[in-house]
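Trainee: Input coords.txt, format and content: compact mmCIF, C-alpha atoms and all ligand atoms.
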# COMPACT_ATOMS: atom_id res chain seq x y z
CA MET A 1 6.85 7.13 -52.95
CA GLY A 2 3.43 5.69 -53.53
CA PHE A 3 -0.08 6.63 -54.46
CA ALA A 4 -2.00 9.55 -53.01
CA GLY A 5 -2.90 9.14 -49.37
CA SER A 6 -1.01 5.89 -48.81
CA GLY A 7 0.70 7.35 -45.75
CA LYS A 8 4.08 8.37 -47.20
CA THR A 9 4.37 11.61 -45.30
CA THR A 10 3.29 9.94 -42.06
CA VAL A 11 6.04 7.33 -42.53
CA PHE A 12 8.53 10.01 -43.57
CA ASN A 13 7.81 12.18 -40.51
CA THR A 14 8.25 9.27 -38.11
CA LEU A 15 11.49 8.25 -39.81
CA THR A 16 13.04 11.68 -39.86
CA GLY A 17 11.46 13.33 -36.81
CA LEU A 18 10.41 16.17 -39.11
CA ASN A 19 6.95 17.60 -39.12
CA VAL A 20 5.91 17.94 -42.72
CA PRO A 21 2.19 18.73 -42.86
CA ILE A 22 0.01 15.66 -43.37
CA GLY A 23 -2.53 16.05 -46.08
CA PHE A 24 -2.62 15.67 -49.75
CA GLY A 25 0.06 16.67 -52.19
CA GLY A 26 2.78 19.24 -51.61
CA GLU A 27 6.45 19.39 -52.48
CA VAL A 28 9.21 16.81 -52.27
CA HIS A 29 10.75 16.83 -48.80
CA LEU A 30 14.19 15.60 -47.79
CA GLY A 31 15.11 14.26 -44.37
CA THR A 32 18.16 12.58 -42.90
CA VAL A 33 17.91 9.48 -40.75
CA LYS A 34 20.56 8.03 -38.49
CA VAL A 35 20.98 4.29 -38.97
CA PRO A 36 20.63 2.72 -35.52
CA ASP A 37 23.60 0.48 -34.78
CA ALA A 38 24.05 -1.25 -31.43
CA ARG A 39 27.74 -1.73 -32.23
CA ILE A 40 28.25 2.03 -32.36
CA ASP A 41 26.38 2.39 -29.05
CA ARG A 42 28.69 -0.20 -27.54
CA LEU A 43 31.90 1.32 -28.94
CA SER A 44 30.80 4.76 -27.85
CA GLY A 45 30.29 3.40 -24.33
CA MET A 46 33.85 2.02 -24.36
CA PHE A 47 35.67 5.03 -25.82
CA LYS A 48 33.48 7.79 -24.38
CA PRO A 49 34.33 10.01 -27.36
CA LYS A 50 33.52 13.70 -27.70
CA LYS A 51 31.34 12.81 -30.66
CA THR A 52 29.40 9.74 -31.83
CA THR A 53 28.38 9.60 -35.48
CA TYR A 54 26.00 7.08 -37.00
CA ALA A 55 25.66 6.24 -40.68
CA GLU A 56 22.94 8.29 -42.36
CA ILE A 57 20.37 7.81 -45.08
CA VAL A 58 18.62 10.69 -46.82
CA PHE A 59 14.95 9.96 -47.49
CA SER A 60 12.81 11.90 -49.97
CA ASP A 61 9.06 12.14 -49.52
CA ILE A 62 7.58 12.30 -53.01
CA PRO A 63 3.89 13.24 -53.08
CA GLY A 64 1.38 11.14 -54.99
CA GLU A 65 -0.73 12.28 -57.88
CA HIS A 66 -4.10 13.72 -56.90
CA GLY A 67 -6.21 13.64 -59.98
CA ALA A 68 -9.64 12.16 -60.49
CA GLU A 69 -8.59 10.39 -63.71
CA HIS A 70 -4.99 9.42 -63.31
CA LYS A 71 -4.54 6.75 -60.66
CA GLY A 72 -0.83 6.25 -61.03
CA LEU A 73 2.29 8.30 -60.50
CA SER A 74 2.79 11.61 -62.27
CA LYS A 75 5.51 12.07 -64.88
CA LYS A 76 7.11 14.47 -62.41
CA ALA A 77 7.13 11.83 -59.68
CA LEU A 78 8.63 9.27 -62.06
CA ARG A 79 11.44 11.69 -62.91
CA GLN A 80 12.04 12.37 -59.24
CA ILE A 81 12.29 8.73 -58.30
CA ALA A 82 14.78 8.07 -61.10
CA ASP A 83 17.31 10.16 -59.12
CA GLN A 84 17.15 7.96 -56.04
CA ASP A 85 19.56 5.15 -55.16
CA ALA A 86 16.74 2.93 -53.96
CA LEU A 87 12.95 3.08 -54.01
CA CYS A 88 10.54 2.61 -51.19
CA LEU A 89 6.91 2.14 -52.09
CA VAL A 90 4.28 2.76 -49.42
CA LEU A 91 1.08 0.81 -50.10
CA ARG A 92 -2.18 1.70 -48.43
CA ALA A 93 -3.76 -1.20 -46.57
CA PHE A 94 -5.87 0.89 -44.18
CA PRO A 95 -9.22 2.58 -44.84
CA ASN A 96 -8.62 6.25 -45.58
CA PRO A 97 -11.82 8.27 -45.08
CA ALA A 98 -10.48 11.04 -47.34
CA LEU A 99 -10.35 8.65 -50.29
CA ASP A 100 -13.38 7.10 -51.98
CA ALA A 101 -11.83 3.76 -52.81
CA ALA A 102 -11.31 0.87 -50.40
CA ALA A 103 -7.72 -0.18 -49.82
CA ASP A 104 -6.35 -2.51 -52.49
CA PRO A 105 -2.61 -2.75 -51.95
CA ALA A 106 -2.12 -5.58 -54.46
CA ALA A 107 -3.71 -3.48 -57.20
CA GLU A 108 -1.59 -0.47 -56.16
CA LEU A 109 1.54 -2.59 -56.34
CA ASP A 110 0.59 -3.91 -59.79
CA ALA A 111 -0.18 -0.41 -61.05
CA PHE A 112 3.14 0.90 -59.73
CA ALA A 113 5.12 -1.99 -61.21
CA THR A 114 3.41 -1.51 -64.57
CA GLU A 115 4.12 2.23 -64.66
CA CYS A 116 7.79 1.68 -63.93
CA LEU A 117 7.96 -1.09 -66.50
CA LEU A 118 6.35 1.04 -69.20
CA ALA A 119 8.56 4.03 -68.42
CA ASP A 120 11.66 1.84 -68.77
CA LEU A 121 10.40 0.13 -71.91
CA ASP A 122 9.74 3.54 -73.42
CA ALA A 123 13.29 4.69 -72.65
CA VAL A 124 14.79 1.46 -74.01
CA GLU A 125 12.77 1.60 -77.23
CA ARG A 126 13.65 5.24 -77.81
CA ARG A 127 17.33 4.37 -77.48
CA LEU A 128 16.97 1.48 -79.94
CA ASP A 129 15.16 3.74 -82.40
CA ARG A 130 17.93 6.30 -82.22
CA ALA A 131 20.47 3.52 -82.75
CA LYS A 132 19.07 3.02 -86.24
CA LYS A 133 20.48 6.46 -87.15
CA ASP A 134 23.72 6.79 -85.20
CA LYS A 135 26.54 4.26 -85.08
CA PRO A 136 25.85 2.39 -81.90
CA ASP A 137 28.23 0.36 -79.83
CA ALA A 138 27.43 -3.32 -80.46
CA LYS A 139 27.79 -4.30 -76.81
CA GLU A 140 25.51 -1.51 -75.71
CA MET A 141 22.86 -2.45 -78.25
CA GLU A 142 23.02 -6.04 -77.11
CA ALA A 143 22.31 -4.84 -73.58
CA PHE A 144 19.37 -2.76 -74.78
CA GLU A 145 17.90 -5.69 -76.72
CA LEU A 146 18.19 -7.83 -73.62
CA MET A 147 16.49 -5.15 -71.53
CA LYS A 148 13.70 -4.79 -74.08
CA GLU A 149 13.04 -8.52 -74.06
CA THR A 150 13.10 -8.63 -70.26
CA LEU A 151 10.65 -5.76 -69.92
CA GLU A 152 8.36 -7.16 -72.62
CA HIS A 153 8.12 -10.33 -70.57
CA GLU A 154 7.08 -8.09 -67.66
CA HIS A 155 10.21 -8.74 -65.65
CA PRO A 156 11.93 -5.82 -63.93
CA LEU A 157 15.53 -5.09 -64.90
CA ARG A 158 16.65 -5.77 -61.34
CA ALA A 159 15.91 -9.43 -62.06
CA LEU A 160 18.99 -9.48 -64.32
CA SER A 161 22.20 -10.32 -62.54
CA GLU A 162 25.32 -8.26 -63.11
CA ASP A 163 26.83 -11.19 -65.07
CA VAL A 164 24.01 -10.91 -67.59
CA LEU A 165 23.60 -7.14 -67.67
CA HIS A 166 26.71 -5.07 -67.18
CA ARG A 167 25.42 -1.84 -65.70
CA GLU A 168 28.38 0.51 -65.68
CA PRO A 169 27.74 1.93 -69.20
CA LEU A 170 24.00 2.29 -68.43
CA ARG A 171 24.40 4.47 -65.39
CA GLY A 172 23.08 7.66 -66.96
CA TYR A 173 19.67 6.14 -67.72
CA GLY A 174 18.17 5.77 -64.25
CA PHE A 175 15.93 2.82 -65.11
CA LEU A 176 13.16 2.59 -62.53
CA THR A 177 12.83 -1.19 -62.52
CA ASP A 178 16.57 -1.51 -61.92
CA ARG A 179 16.44 0.40 -58.63
CA PRO A 180 16.38 -1.74 -55.50
CA LEU A 181 12.81 -1.73 -54.18
CA LEU A 182 11.45 -1.92 -50.65
CA VAL A 183 7.68 -2.18 -50.27
CA ALA A 184 6.09 -1.04 -47.02
CA LEU A 185 2.56 -2.29 -46.50
CA ASN A 186 0.92 0.41 -44.41
CA CYS A 187 -1.74 -1.36 -42.34
CA GLY A 188 -4.28 -0.42 -39.77
CA GLU A 189 -3.37 -0.79 -36.10
CA ALA A 190 -4.95 -4.24 -35.75
CA GLU A 191 -2.81 -5.75 -38.51
CA ALA A 192 0.47 -4.12 -37.43
CA ALA A 193 1.96 -7.39 -36.11
CA GLN A 194 0.90 -9.58 -39.02
CA GLY A 195 3.11 -10.83 -41.82
CA LEU A 196 2.87 -9.94 -45.46
CA PRO A 197 -0.32 -11.33 -47.06
CA PRO A 198 0.49 -14.08 -49.60
CA ALA A 199 -0.84 -12.01 -52.52
CA ILE A 200 1.72 -9.30 -51.74
CA ALA A 201 4.56 -11.68 -50.89
CA GLU A 202 4.09 -13.48 -54.20
CA ARG A 203 4.29 -10.24 -56.15
CA LEU A 204 7.39 -9.14 -54.25
CA GLY A 205 9.09 -12.37 -55.27
CA ALA A 206 8.36 -11.69 -58.94
CA LEU A 207 9.52 -8.09 -58.52
CA HIS A 208 12.72 -9.08 -56.69
CA ALA A 209 11.72 -6.61 -54.02
CA ALA A 210 11.95 -6.60 -50.23
CA GLY A 211 8.87 -6.00 -48.11
CA LEU A 212 7.71 -5.23 -44.61
CA VAL A 213 4.50 -4.55 -42.75
CA LEU A 214 4.03 -1.45 -40.65
CA SER A 215 1.32 0.81 -39.39
CA ALA A 216 2.37 4.41 -39.93
CA SER A 217 -0.08 5.71 -37.37
CA VAL A 218 1.17 3.22 -34.75
CA GLU A 219 4.75 4.22 -35.53
CA ALA A 220 3.85 7.88 -35.14
CA GLU A 221 2.37 7.09 -31.72
CA ILE A 222 5.45 5.11 -30.67
CA ALA A 223 7.78 7.89 -31.77
CA ALA A 224 5.91 10.36 -29.57
CA MET A 225 6.27 8.19 -26.43
CA GLU A 226 8.86 8.12 -23.68
CA PRO A 227 11.36 5.29 -24.35
CA ALA A 228 10.21 3.52 -21.17
CA ASP A 229 6.61 3.34 -22.45
CA GLN A 230 7.57 2.29 -25.97
CA ALA A 231 8.54 -1.27 -25.06
CA ALA A 232 5.28 -1.96 -23.22
CA PHE A 233 3.24 -0.52 -26.07
CA LEU A 234 5.09 -2.62 -28.64
CA GLN A 235 4.51 -5.73 -26.56
CA ASP A 236 0.77 -4.99 -26.33
CA LEU A 237 0.64 -4.94 -30.12
CA GLY A 238 2.62 -8.17 -30.40
CA LEU A 239 5.72 -6.45 -31.77
CA THR A 240 9.29 -6.74 -30.55
CA GLU A 241 10.76 -3.77 -32.33
CA SER A 242 9.44 -0.59 -33.87
CA ALA A 243 8.95 -0.92 -37.62
CA LEU A 244 11.14 2.12 -38.11
CA ALA A 245 14.25 0.31 -36.97
CA ARG A 246 13.39 -2.58 -39.31
CA PHE A 247 12.59 -0.16 -42.08
CA ILE A 248 15.88 1.72 -41.79
CA ARG A 249 17.87 -1.51 -41.64
CA ALA A 250 16.03 -2.85 -44.68
CA ALA A 251 16.76 0.34 -46.62
CA TYR A 252 20.41 0.12 -45.64
CA GLY A 253 20.60 -3.51 -46.73
CA LEU A 254 18.78 -2.70 -49.95
CA LEU A 255 21.54 -0.30 -50.93
CA ASP A 256 23.98 -3.14 -50.29
CA LEU A 257 25.72 -1.01 -47.70
CA ILE A 258 27.83 -2.22 -44.81
CA SER A 259 29.55 -0.17 -42.12
CA PHE A 260 33.13 0.05 -41.01
CA PHE A 261 34.04 1.96 -37.87
CA THR A 262 36.67 4.38 -36.69
CA VAL A 263 37.21 4.77 -32.96
CA GLY A 264 39.10 7.07 -30.63
CA PRO A 265 38.72 9.68 -27.90
CA ASP A 266 37.49 12.32 -30.37
CA GLU A 267 34.95 10.35 -32.34
CA VAL A 268 33.40 6.94 -32.72
CA ARG A 269 31.90 6.76 -36.17
CA ALA A 270 30.18 4.44 -38.63
CA TRP A 271 31.12 4.80 -42.30
CA PRO A 272 28.74 3.39 -44.90
CA ILE A 273 30.35 1.71 -47.91
CA ARG A 274 29.14 -0.61 -50.63
CA ARG A 275 29.77 -4.26 -49.90
CA GLY A 276 32.98 -5.33 -51.64
CA THR A 277 34.79 -1.98 -51.27
CA HIS A 278 38.58 -2.25 -50.95
CA ALA A 279 40.55 -0.71 -48.10
CA ARG A 280 42.00 2.15 -50.12
CA PRO A 281 38.75 3.65 -51.46
CA ALA A 282 37.17 2.96 -48.06
CA ALA A 283 39.91 5.11 -46.50
CA GLY A 284 39.00 7.78 -49.04
CA LYS A 285 35.54 8.04 -47.47
CA ILE A 286 37.22 9.37 -44.34
CA HIS A 287 39.50 11.79 -46.17
CA THR A 288 40.97 12.00 -49.67
CA ASP A 289 44.49 12.25 -48.12
CA LEU A 290 43.99 8.81 -46.60
CA GLU A 291 43.26 7.38 -50.01
CA ARG A 292 46.06 9.25 -51.77
CA GLY A 293 48.72 8.48 -49.20
CA PHE A 294 47.39 5.05 -48.19
CA ILE A 295 50.06 2.74 -46.76
CA ARG A 296 48.10 0.08 -44.90
CA ALA A 297 45.00 -0.53 -42.84
CA GLU A 298 45.03 -1.91 -39.33
CA VAL A 299 41.90 -3.99 -38.97
CA MET A 300 40.08 -5.10 -35.84
CA PRO A 301 36.85 -7.04 -36.49
CA TYR A 302 34.18 -5.72 -34.10
CA GLU A 303 33.40 -9.05 -32.39
CA LEU A 304 37.06 -9.83 -31.77
CA PHE A 305 37.67 -6.34 -30.45
CA LEU A 306 34.76 -6.66 -28.09
CA ALA A 307 36.15 -9.92 -26.74
CA ALA A 308 39.68 -8.50 -26.38
CA GLY A 309 38.53 -5.25 -24.80
CA THR A 310 41.40 -3.02 -25.94
CA GLU A 311 43.51 -2.37 -28.98
CA GLN A 312 46.61 -3.34 -27.01
CA ALA A 313 45.09 -6.73 -26.18
CA MET A 314 44.35 -7.19 -29.89
CA ARG A 315 47.98 -6.42 -30.76
CA ASP A 316 49.39 -8.63 -28.00
CA THR A 317 47.37 -11.62 -29.15
CA GLY A 318 48.11 -11.06 -32.84
CA ARG A 319 44.48 -10.46 -33.70
CA LEU A 320 45.01 -6.99 -35.09
CA LYS A 321 45.45 -7.61 -38.80
CA VAL A 322 47.53 -5.42 -41.08
CA GLU A 323 46.05 -5.27 -44.55
CA GLY A 324 46.99 -3.71 -47.89
CA LYS A 325 45.02 -1.55 -50.29
CA ASP A 326 43.17 -4.48 -51.91
CA TYR A 327 41.73 -5.85 -48.69
CA VAL A 328 37.94 -6.15 -48.97
CA VAL A 329 36.53 -4.33 -45.96
CA ALA A 330 34.06 -6.43 -43.94
CA ASP A 331 30.97 -5.24 -42.09
CA GLY A 332 31.98 -4.24 -38.58
CA ASP A 333 35.70 -3.79 -39.25
CA ILE A 334 37.30 -1.19 -37.01
CA LEU A 335 39.88 0.50 -39.22
CA ASN A 336 42.94 2.55 -38.51
CA ILE A 337 44.50 3.85 -41.72
CA ARG A 338 48.26 4.42 -41.90
CA PHE A 339 49.05 7.00 -44.55
CA ASN A 340 51.67 9.44 -45.71
CA VAL A 341 51.15 12.47 -47.95
N1 LIG B 401 -5.61 4.76 -39.91
C1 LIG B 401 -4.46 5.10 -40.45
N2 LIG B 401 -4.36 6.29 -41.06
C2 LIG B 401 -3.20 6.64 -41.63
C3 LIG B 401 -2.07 5.79 -41.60
N3 LIG B 401 -1.06 6.39 -42.28
C4 LIG B 401 -1.55 7.57 -42.70
N4 LIG B 401 -2.84 7.73 -42.32
C5 LIG B 401 -3.71 8.86 -42.64
O1 LIG B 401 -3.91 8.92 -44.03
C6 LIG B 401 -3.93 10.28 -44.47
C7 LIG B 401 -2.88 10.48 -45.54
O2 LIG B 401 -1.60 10.33 -44.95
P1 LIG B 401 -0.31 11.01 -45.58
O3 LIG B 401 0.85 10.53 -44.79
O4 LIG B 401 -0.48 12.47 -45.74
O5 LIG B 401 -0.33 10.33 -47.02
P2 LIG B 401 0.63 10.61 -48.25
O6 LIG B 401 0.92 9.30 -48.87
O7 LIG B 401 1.80 11.41 -47.82
O8 LIG B 401 -0.27 11.46 -49.22
P3 LIG B 401 0.22 12.38 -50.45
O9 LIG B 401 1.48 13.05 -50.06
O10 LIG B 401 -0.87 13.32 -50.64
O11 LIG B 401 0.36 11.45 -51.61
C8 LIG B 401 -3.73 11.12 -43.23
O12 LIG B 401 -4.98 11.52 -42.78
C9 LIG B 401 -3.08 10.17 -42.26
O13 LIG B 401 -3.35 10.53 -40.93
C10 LIG B 401 -2.20 4.54 -40.94
O14 LIG B 401 -1.27 3.74 -40.84
N5 LIG B 401 -3.42 4.25 -40.39
MG MG B 402 2.48 13.33 -48.49
Represent the structure contained in this file as structure tokens.
Mentor:
Amino acid sequence: MGFAGSGKTTVFNTLTGLNVPIGFGGEVHLGTVKVPDARIDRLSGMFKPKKTTYAEIVFSDIPGEHGAEHKGLSKKALRQIADQDALCLVLRAFPNPALDAAADPAAELDAFATECLLADLDAVERRLDRAKKDKPDAKEMEAFELMKETLEHEHPLRALSEDVLHREPLRGYGFLTDRPLLVALNCGEAEAAQGLPPAIAERLGALHAAGLVLSASVEAEIAAMEPADQAAFLQDLGLTESALARFIRAAYGLLDLISFFTVGPDEVRAWPIRRGTHARPAAGKIHTDLERGFIRAEVMPYELFLAAGTEQAMRDTGRLKVEGKDYVVADGDILNIRFNV
């Protein structure tokens, strides 16, 4: 999301390969993006499966508010972003001839942060008001008081660690400042290879947000090129990698996701799970039967597998580990689930 004309739809189209009309306003659009993963490319090359499946992220393009008076996000947009697992704010740092105002990304970021803060504070205060009438749970009220104090000091809720704020009972609320936040500074072509300006970097620190610089129009150009031409073009601009790859990886990391893999002649596949997931629920991502009838997981860490070359070599050298249901799955684990239903 972001303010009107910041380049959200341009970014969204390049990410998803869709062709949503550029121009102001419109509906919310959804698009699925494959998470590039060189490990999957490599495994696919080794197993030559019938099918190769990457992890996916669904992006929503939420239009900005186009009113003369209101400079922020509409109530509707705020509701829509509360449904998302993570937020990505596109800031305009290029001159847009269709808008009167010069680019001021720091002011946009401040305005966005304030709107989210006020929306959360409003929700927290309403809950505390209601608590005066009903019989509230003491623990819950303690959490709400802590959130109120945090927001009043202009800190986002995501600044509170899980030790301090236990989130499970708060799930239904969808607090905006508790969502992981990625800020994309959408620059003109000339600034595409520069780092984040200090004024933005400083704010991101206070917001506990991640950030990156991109030029949506450059990315759109790159996406339209033959792969052979892309590298040369990137080099001319002083870039090593398209921002889209960085963007997708950042979004993936923001959700605290890691991937485990399954391999075989039919399919090589990446499975996204939250960091810290145990083997049994991880198996359940593949199929509920695997979770229900879970016996054990055979684990081959990607790097070790690559060095060994084959599963047999892993077995022969004792590097294939057999793990129980409580094993914490690591990024890059190749799993084979033994089960019985
Ligand atoms: N020069 C330049 N123009 C851009 C860039 N990104 C977007 N634009 C232009 O800015 C205008 C608005 O872009 P959109 O992608 O439609 O912006 P948006 O944020 O989706 O706008 P709303 O959905 O109306 O809020 C279009 O004319 C784009 O071509 C950029 O990186 N550089
Ligand atoms: Mg748009």
Trainee: Any idea what the distance is between atom C9 of ligand LIG 401 (chain B) and atom CA of Ala224 of chain A?
Mentor: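 Result for atom C9 of ligand LIG 401 (chain B) versus atom CA of Ala224 of chain A: 15.6 Å, one decimal.
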Trainee: Quick one: residues within 7 Å of Glu108 of chain A, only C-alpha atoms, excluding same-chain residues fewer than 4 positions away - as a PyMOL selection string?
Mentor: chain A and resi 91+104+112
Trainee: Within 7 Å of ligand MG 402 (chain B), which residues show up when you count all atoms listed in the file? List them as a VMD selection string, please.
Mentor: chain A and resid 5 7 to 9 22 to 26 61 to 64
Trainee: Rounded to one decimal in Å, what is the spacing between atom CA of Ala232 of chain A and atom CA of Val33 of chain A?
Mentor: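 So the two atoms, atom CA of Ala232 of chain A and atom CA of Val33 of chain A, lie 24.4 Å apart.
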Trainee: Have a look at atom CA of Val183 of chain A and atom CA of Pro97 of chain A and let me know their distance in Å, one decimal.
Mentor: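 Interatomic distance here is 22.7 Å.
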Trainee: Once you count only C-alpha atoms and all ligand atoms, which residues end up within 10 Å of ligand LIG 401 (chain B), and could you hand them over as an MDAnalysis selection string?
Mentor: chainID A and resid 1:13 20:28 61:66 73 89:99 185:192 214:220
Trainee: Gly45 of chain A: which residues within 12 Å, counting only C-alpha atoms, same-chain residues fewer than 4 positions away excluded, as a PyMOL selection string?
Mentor: chain A and resi 38-41+49-52+263-265+267-268+306+309
Trainee: Considering all atoms listed in the file, tabulate each residue of segment 60-155 of chain A that lies at most 12 Å from segment 177-180 of chain A along with its nearest interatomic pair and the corresponding distance in Å to one decimal; arrange the rows by chain and ascending residue number and present them as a tab-separated table.
Mentor:
residue	atom	partner	partner_atom	distance
A:Leu78	CA	A:Thr177	CA	11.3
A:Ile81	CA	A:Arg179	CA	9.3
A:Ala82	CA	A:Arg179	CA	8.2
A:Asp83	CA	A:Arg179	CA	9.8
A:Gln84	CA	A:Arg179	CA	8.0
A:Asp85	CA	A:Arg179	CA	6.7
A:Ala86	CA	A:Pro180	CA	4.9
A:Leu87	CA	A:Pro180	CA	6.1
A:Cys88	CA	A:Pro180	CA	8.5
A:Leu89	CA	A:Pro180	CA	10.8
A:Phe112	CA	A:Thr177	CA	10.3
A:Ala113	CA	A:Thr177	CA	7.9
A:Thr114	CA	A:Thr177	CA	9.6
A:Glu115	CA	A:Thr177	CA	9.6
A:Cys116	CA	A:Thr177	CA	6.0
A:Leu117	CA	A:Thr177	CA	6.3
A:Leu118	CA	A:Thr177	CA	9.6
A:Ala119	CA	A:Thr177	CA	9.0
A:Asp120	CA	A:Thr177	CA	7.0
A:Leu121	CA	A:Thr177	CA	9.8
A:Ala123	CA	A:Thr177	CA	11.7
A:Val124	CA	A:Thr177	CA	12.0
A:Met147	CA	A:Asp178	CA	10.3
A:Thr150	CA	A:Thr177	CA	10.7
A:Leu151	CA	A:Thr177	CA	9.0
A:Glu154	CA	A:Thr177	CA	10.3
A:His155	CA	A:Thr177	CA	8.6
Trainee: If I wrap all listed atoms of segment 311-330 of chain A in a box with edges along x, y and z and add 8 Å on each side, what are its centre and edge lengths in Å to one decimal, as AutoDock Vina command-line options?
Mentor:
--center_x 41.7 --center_y -6.6 --center_z -39.0 --size_x 31.3 --size_y 26.1 --size_z 41.7
Trainee: Residues near segment 318-326 of chain A, anyone? I mean within 6 Å using only C-alpha atoms, not counting same-chain ones fewer than 5 positions away, as a list in words.
Mentor: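 After dropping sequence-adjacent residues, the list is His278, Ala279, Arg280, Arg296, Ala297, Glu298, Val299 and Met300 of chain A.
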Trainee: Give me, as a short mmCIF file (atom, residue, chain, number, x, y, z; two decimals) with C-alpha atoms, in the frame of the given file, all polymer residues having an atom no more than 12 Å from Lys139 of chain A, counting only C-alpha atoms and skipping those fewer than 2 positions away in the same chain.
Mentor:
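What landed in result26.cif:
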data_model
loop_
_atom_site.label_atom_id
_atom_site.label_comp_id
_atom_site.auth_asym_id
_atom_site.auth_seq_id
_atom_site.Cartn_x
_atom_site.Cartn_y
_atom_site.Cartn_z
CA LYS A 135 26.54 4.26 -85.08
CA PRO A 136 25.85 2.39 -81.90
CA ASP A 137 28.23 0.36 -79.83
CA MET A 141 22.86 -2.45 -78.25
CA GLU A 142 23.02 -6.04 -77.11
CA ALA A 143 22.31 -4.84 -73.58
CA PHE A 144 19.37 -2.76 -74.78
CA GLU A 145 17.90 -5.69 -76.72
CA LEU A 146 18.19 -7.83 -73.62
CA VAL A 164 24.01 -10.91 -67.59
CA LEU A 165 23.60 -7.14 -67.67
CA HIS A 166 26.71 -5.07 -67.18
CA ARG A 167 25.42 -1.84 -65.70
CA PRO A 169 27.74 1.93 -69.20
CA LEU A 170 24.00 2.29 -68.43
#
Trainee: Considering all atoms listed in the file, state which residue in the set A:Ala307, A:Val328, A:Ala101, A:Val341 is at the smallest distance from Asp289 of chain A.
Mentor: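 Using all atoms listed in the file, the shortest distance to Asp289 of chain A belongs to A:Val341.
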Trainee: Ranking A:Thr53, A:Thr32, A:Gln194, A:Gln235 by minimum distance to Leu15 of chain A and counting all atoms listed in the file, which one comes first?
Mentor: A:Thr32
